[in-house]
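As structure tokens, the structure follows; a few thoughts come after it.
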Amino acid sequence: MTTLCASTNATAHGLREIQHVQPADSSHFQTTNFDSEVRLGFAHRVRFTRDAFDPANPALREVFAGDRDIATRRAVAFIDAGLMQATDAEIAERLRAAFVAGGRAMPQLVEIVAVPGGESAKENHEIPDIVLQLVNHHRICRKSFVIAIGGGAMLDAVGYGAAISHRGVRLVRMPSTVLAQDDAAMGVKNGINRFGKKNFVGAFAVPYAVLCDERLLETLPDAVYRAGFSEAVKIALLKDPAFFECLERDAARIAARDGAAANPAIRRSAELHLRHIVDGGDPFEANEARPLDFGHWAAHRLESMSAFKVSHGDAVALGLLLDCRYSNLKGWLSDADHARIRAVIAALGLPMRHPLFADHAALLAGADEFREHLGGKLTVTMLRGVGQGFEVHELDHALVRQAALELA
């Protein structure tokens, strides 16, 4: 028999005490409980603009406008080496000039450093260590800034370094890829890979600000540009049938890099990701359900199976194809909706098959890794229709193999 202790009123700090259960026959033990629910409030500032480094554009200055002591702060900037090369280092000069023009409305920019981009940025502790060294060297305090300009993997690695410096230095993200602007930079996760596993080491930390500059996307190779739209397809399938219809209508124009079609799609995808993170009730992923990881259990596994030669965006497209076909084989997703999804992914110029799907055993091992990453039972999102995701807690391995074989 147990006795339920009644919850108390709110504490002096506004925290609600959590109810606890005490065995009725344990009265001879002297235990005092102070269990309380910790509630934290964060501002998640996201801005979209063009030509963020133009001195006439106020967007960069406005990122720092909420800090009355901004003139006393310092900043160290990290730029994706691929972006640096694509702009012939012009981006570093433009960044430096923007800070000079901003004067006392901006922190003091003390150093600009180029670091590797792409998934290799997350394959060891090199970038987080560089961040730690420079935060220490330049005496960057917790209210000063680390600025990260680059693709999603580089943002993850630099962000992890910022998150563990002084238990959290202010991070400003400036994503330079479609994938980072329409998804990765909206999140509150930072991390690197270990043991061949995606994001095995990391930390949750809300960025101080995210500033997306559509001009930065012009530096991308076509394949990298298109790959980012797999996340837009994912979020449309989960959250917004009308957005999916827009992607259906505009897929060819998006693949051809028509900004009039592509830029609104990037912004809508970013907004939907942000709204889920902010309003979904689980920004730090304490629960097992992670709907934004639709298609990702296989995507992460394909990345590691390929030694990260398959990009995250391409892997997500392949993972979506697998889970949508699985949903179709299970009778949840209609043939018509399945065909629509395949047509959109194809029209966006994303990969439709990969030989690694033939290694069923290695692929299915990814489901168990995913369960470990969730911290409990396996929870995978599947589809009943466009905009109709739902959760399952087990996979029919025979049907996974059938779907994978069709995509190999």
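Convention: chains lettered A, B, ... in structure tokens order; per-chain residue numbering from 1; ligands numbered from 1 as shown.
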
Practice item. Please identify which residues in segment 121-280 of chain A DSSP calls helix (DSSP H, G or I) from the backbone, and express them as a ChimeraX atom specification. Key: /A:121-122,126-137,152-167,178-182,184-186,214-219,222-227,229-239,241-255,259-279

Just want the 10 Å neighbourhood of Cys212 of chain A, counted on only C-alpha atoms, with same-chain residues fewer than 4 positions away dropped. Output as a PDB file with N, CA and C atoms, in the first residue's frame.
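Written output follows (part-v1.pdb):
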ATOM      1  N   VAL A  46      14.826  34.601 -34.577  1.00  0.00           N
ATOM      2  CA  VAL A  46      15.156  34.156 -35.930  1.00  0.00           C
ATOM      3  C   VAL A  46      14.829  35.282 -36.899  1.00  0.00           C
ATOM      4  N   ARG A  47      15.775  35.595 -37.781  1.00  0.00           N
ATOM      5  CA  ARG A  47      15.595  36.668 -38.767  1.00  0.00           C
ATOM      6  C   ARG A  47      15.979  36.142 -40.145  1.00  0.00           C
ATOM      7  N   PHE A  48      15.215  36.522 -41.154  1.00  0.00           N
ATOM      8  CA  PHE A  48      15.568  36.270 -42.551  1.00  0.00           C
ATOM      9  C   PHE A  48      15.784  37.614 -43.237  1.00  0.00           C
ATOM     10  N   THR A  49      16.839  37.694 -44.028  1.00  0.00           N
ATOM     11  CA  THR A  49      17.147  38.944 -44.716  1.00  0.00           C
ATOM     12  C   THR A  49      17.968  38.633 -45.956  1.00  0.00           C
ATOM     13  N   ARG A  50      18.427  39.664 -46.611  1.00  0.00           N
ATOM     14  CA  ARG A  50      19.367  39.527 -47.723  1.00  0.00           C
ATOM     15  C   ARG A  50      20.449  40.577 -47.550  1.00  0.00           C
ATOM     16  N   ASP A  51      21.703  40.201 -47.837  1.00  0.00           N
ATOM     17  CA  ASP A  51      22.844  41.100 -47.681  1.00  0.00           C
ATOM     18  C   ASP A  51      22.984  41.567 -46.228  1.00  0.00           C
ATOM     19  N   ALA A  52      23.096  40.626 -45.322  1.00  0.00           N
ATOM     20  CA  ALA A  52      23.170  40.951 -43.900  1.00  0.00           C
ATOM     21  C   ALA A  52      24.391  41.796 -43.551  1.00  0.00           C
ATOM     22  N   ALA A  59      19.741  44.552 -40.062  1.00  0.00           N
ATOM     23  CA  ALA A  59      19.417  43.245 -39.475  1.00  0.00           C
ATOM     24  C   ALA A  59      20.489  42.752 -38.504  1.00  0.00           C
ATOM     25  N   ILE A 149      29.216  30.976 -38.894  1.00  0.00           N
ATOM     26  CA  ILE A 149      28.692  31.231 -40.237  1.00  0.00           C
ATOM     27  C   ILE A 149      29.045  30.031 -41.102  1.00  0.00           C
ATOM     28  N   ARG A 173      24.009  32.193 -34.830  1.00  0.00           N
ATOM     29  CA  ARG A 173      24.159  31.347 -36.016  1.00  0.00           C
ATOM     30  C   ARG A 173      23.807  32.141 -37.267  1.00  0.00           C
ATOM     31  N   MET A 174      24.650  31.995 -38.286  1.00  0.00           N
ATOM     32  CA  MET A 174      24.346  32.529 -39.609  1.00  0.00           C
ATOM     33  C   MET A 174      24.463  31.367 -40.597  1.00  0.00           C
ATOM     34  N   PRO A 175      23.386  30.618 -40.813  1.00  0.00           N
ATOM     35  CA  PRO A 175      23.444  29.430 -41.668  1.00  0.00           C
ATOM     36  C   PRO A 175      23.638  29.792 -43.129  1.00  0.00           C
ATOM     37  N   SER A 176      24.479  29.015 -43.819  1.00  0.00           N
ATOM     38  CA  SER A 176      24.828  29.348 -45.206  1.00  0.00           C
ATOM     39  C   SER A 176      24.350  28.301 -46.205  1.00  0.00           C
ATOM     40  N   THR A 177      23.594  27.288 -45.736  1.00  0.00           N
ATOM     41  CA  THR A 177      23.063  26.281 -46.647  1.00  0.00           C
ATOM     42  C   THR A 177      21.547  26.233 -46.514  1.00  0.00           C
ATOM     43  N   VAL A 178      20.898  25.677 -47.532  1.00  0.00           N
ATOM     44  CA  VAL A 178      19.448  25.509 -47.462  1.00  0.00           C
ATOM     45  C   VAL A 178      19.081  24.645 -46.270  1.00  0.00           C
ATOM     46  N   ALA A 180      20.584  24.164 -43.488  1.00  0.00           N
ATOM     47  CA  ALA A 180      20.748  24.866 -42.220  1.00  0.00           C
ATOM     48  C   ALA A 180      19.687  25.936 -42.034  1.00  0.00           C
ATOM     49  N   GLN A 181      19.330  26.628 -43.110  1.00  0.00           N
ATOM     50  CA  GLN A 181      18.344  27.699 -42.982  1.00  0.00           C
ATOM     51  C   GLN A 181      16.922  27.168 -42.815  1.00  0.00           C
ATOM     52  N   ASP A 182      16.601  26.053 -43.462  1.00  0.00           N
ATOM     53  CA  ASP A 182      15.206  25.603 -43.382  1.00  0.00           C
ATOM     54  C   ASP A 182      14.970  24.599 -42.263  1.00  0.00           C
ATOM     55  N   ALA A 185      19.446  25.174 -38.260  1.00  0.00           N
ATOM     56  CA  ALA A 185      19.728  26.353 -37.440  1.00  0.00           C
ATOM     57  C   ALA A 185      18.558  26.740 -36.556  1.00  0.00           C
ATOM     58  N   LEU A 216      23.798  34.142 -49.032  1.00  0.00           N
ATOM     59  CA  LEU A 216      24.811  33.121 -48.769  1.00  0.00           C
ATOM     60  C   LEU A 216      24.521  31.836 -49.536  1.00  0.00           C
ATOM     61  N   LEU A 217      23.256  31.576 -49.850  1.00  0.00           N
ATOM     62  CA  LEU A 217      22.889  30.350 -50.550  1.00  0.00           C
ATOM     63  C   LEU A 217      23.396  30.333 -51.985  1.00  0.00           C
ATOM     64  N   ARG A 267      11.732  29.659 -46.018  1.00  0.00           N
ATOM     65  CA  ARG A 267      11.213  30.374 -44.857  1.00  0.00           C
ATOM     66  C   ARG A 267      10.047  29.623 -44.210  1.00  0.00           C
TER      67      ARG A 267
END

Check your understanding: Any idea what the distance is between atom CA of Gly295 of chain A and atom CA of Thr379 of chain A?
Key ->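 For atom CA of Gly295 of chain A relative to atom CA of Thr379 of chain A, the distance reads 11.8 Å.
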
Review point. Hey, what's within 10 Å of Thr381 of chain A if we count only C-alpha atoms and toss same-chain stuff fewer than 5 positions away? As a count of residues only, please?
Key: 18

So that I can see what lies close to Arg94 of chain A, please list as a compact mmCIF listing (two decimals) with C-alpha atoms, in the first residue's frame the residues with an atom at most 12 Å from it, counting only C-alpha atoms and leaving out residues fewer than 6 positions away in the same chain.
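Contents of the output file selection_17.txt:
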# COMPACT_ATOMS: atom_id res chain seq x y z
CA ASP A 51 22.84 41.10 -47.68
CA ALA A 52 23.17 40.95 -43.90
CA PHE A 53 26.68 42.45 -44.05
CA ASP A 54 25.65 45.53 -46.02
CA PRO A 55 26.14 48.47 -43.61
CA MET A 84 35.40 31.18 -47.24
CA THR A 87 33.77 33.79 -51.69
CA ASP A 88 37.57 34.13 -52.07
CA VAL A 100 33.28 48.44 -37.97
CA ALA A 101 30.26 50.22 -39.46
CA ILE A 112 37.75 35.61 -37.50

Practice item. For Asp368 of chain A, please output as a VMD selection string all residues within 12 Å (counting only C-alpha atoms; exclusion window: fewer than 6 positions along the same chain). Key: chain A and resid 197 297 to 298 300 to 301 361 to 362 374 to 380 393 to 395

Revision key, fill the gap. Nearest to Gly191 of chain A, restricted to only C-alpha atoms and choosing among A:Ile91, A:Ala262, A:Ala157, A:Val210, comes out as A:Ala157

**Study point:** Residue contacts of segment 124-136 of chain A (10 Å, only C-alpha atoms) excluding same-chain residues fewer than 4 positions away, as an MDAnalysis selection string
**Key:** chainID A and resid 74:78 110:111 113 115:117 120 140:142 144:146 154 156:166 169 191:194 201

Practice item. Measuring atom to atom with only C-alpha atoms, identify which of A:Ala339, A:Ile70, A:Ile266, A:Ala358 is nearest to Gly385 of chain A. Key: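 For Gly385 of chain A, the nearest of the candidates is A:Ala339.
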
Do you have, as a Markdown table, the list of residues of segment 91-161 of chain A lying at most 12 Å from segment 218-235 of chain A, each with its nearest atom pair and that distance in Å to one decimal, counting only C-alpha atoms and ordered by chain then number?
| residue | atom | partner | partner_atom | distance |
| --- | --- | --- | --- | --- |
| A:Ile91 | CA | A:Thr219 | CA | 11.0 |
| A:Gly118 | CA | A:Val224 | CA | 10.5 |
| A:Gly150 | CA | A:Leu220 | CA | 11.0 |
| A:Gly151 | CA | A:Leu220 | CA | 10.2 |
| A:Gly152 | CA | A:Gly228 | CA | 10.1 |

How would the residues just picked look written out with N, CA and C atoms as a PDB file, in the first residue's frame?
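Result file follows (part.pdb):
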ATOM      1  N   ILE A  91      33.935  37.140 -47.716  1.00  0.00           N
ATOM      2  CA  ILE A  91      32.961  37.149 -46.632  1.00  0.00           C
ATOM      3  C   ILE A  91      33.577  37.619 -45.329  1.00  0.00           C
ATOM      4  N   GLY A 118      31.063  20.773 -43.587  1.00  0.00           N
ATOM      5  CA  GLY A 118      30.650  19.432 -43.954  1.00  0.00           C
ATOM      6  C   GLY A 118      30.702  18.494 -42.758  1.00  0.00           C
ATOM      7  N   GLY A 150      28.051  29.236 -41.470  1.00  0.00           N
ATOM      8  CA  GLY A 150      28.347  28.058 -42.272  1.00  0.00           C
ATOM      9  C   GLY A 150      27.179  27.104 -42.356  1.00  0.00           C
ATOM     10  N   GLY A 151      27.474  25.885 -42.787  1.00  0.00           N
ATOM     11  CA  GLY A 151      26.456  24.852 -42.931  1.00  0.00           C
ATOM     12  C   GLY A 151      26.104  24.207 -41.608  1.00  0.00           C
ATOM     13  N   GLY A 152      25.100  23.327 -41.640  1.00  0.00           N
ATOM     14  CA  GLY A 152      24.556  22.772 -40.413  1.00  0.00           C
ATOM     15  C   GLY A 152      25.557  22.003 -39.578  1.00  0.00           C
TER      16      GLY A 152
END

Residues flagged strand (DSSP E) by DSSP in segment 69-122 of chain A, as a tab-separated table (two decimals) with N, CA and C atoms, in the first residue's frame:
chain	number	residue	atom	x	y	z
A	74	ARG	N	32.50	41.25	-26.47
A	74	ARG	CA	33.43	40.82	-27.52
A	74	ARG	C	32.79	39.71	-28.33
A	75	ALA	N	33.35	39.49	-29.50
A	75	ALA	CA	32.85	38.41	-30.36
A	75	ALA	C	34.01	37.79	-31.12
A	76	VAL	N	33.98	36.47	-31.25
A	76	VAL	CA	34.89	35.75	-32.13
A	76	VAL	C	34.02	35.02	-33.15
A	77	ALA	N	34.39	35.11	-34.42
A	77	ALA	CA	33.58	34.56	-35.51
A	77	ALA	C	34.29	33.37	-36.14
A	78	PHE	N	33.51	32.36	-36.44
A	78	PHE	CA	33.99	31.14	-37.11
A	78	PHE	C	33.25	31.03	-38.44
A	79	ILE	N	34.00	30.87	-39.53
A	79	ILE	CA	33.41	30.79	-40.86
A	79	ILE	C	33.76	29.44	-41.48
A	80	ASP	N	32.77	28.80	-42.05
A	80	ASP	CA	32.94	27.54	-42.77
A	80	ASP	C	34.00	27.73	-43.86
A	108	GLN	N	32.71	44.04	-29.99
A	108	GLN	CA	34.02	44.16	-30.65
A	108	GLN	C	34.38	42.81	-31.26
A	109	LEU	N	34.59	42.79	-32.56
A	109	LEU	CA	34.98	41.57	-33.25
A	109	LEU	C	36.49	41.39	-33.11
A	110	VAL	N	36.91	40.38	-32.33
A	110	VAL	CA	38.33	40.26	-31.99
A	110	VAL	C	39.09	39.30	-32.90
A	111	GLU	N	38.39	38.36	-33.54
A	111	GLU	CA	39.08	37.43	-34.44
A	111	GLU	C	38.08	36.73	-35.33
A	112	ILE	N	38.52	36.41	-36.56
A	112	ILE	CA	37.75	35.61	-37.50
A	112	ILE	C	38.58	34.38	-37.85
A	113	VAL	N	37.98	33.20	-37.72
A	113	VAL	CA	38.70	31.95	-37.93
A	113	VAL	C	37.93	31.08	-38.92
A	114	ALA	N	38.65	30.50	-39.89
A	114	ALA	CA	38.04	29.53	-40.80
A	114	ALA	C	38.20	28.13	-40.22
A	115	VAL	N	37.11	27.36	-40.22
A	115	VAL	CA	37.14	25.98	-39.73
A	115	VAL	C	36.49	25.07	-40.76

Practice item. Would you please work out which residue, of A:Leu237, A:Ala121, A:Met186, A:Leu247, is nearest to Asn199 of chain A when using only C-alpha atoms? Key: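 Among the listed residues, the smallest separation from Asn199 of chain A belongs to A:Ala121.
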
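Nearest residue to Ala315 of chain A among A:Ala256, A:Gly387, A:Ala65, A:Leu179 is A:Leu179, counting only C-alpha atoms.
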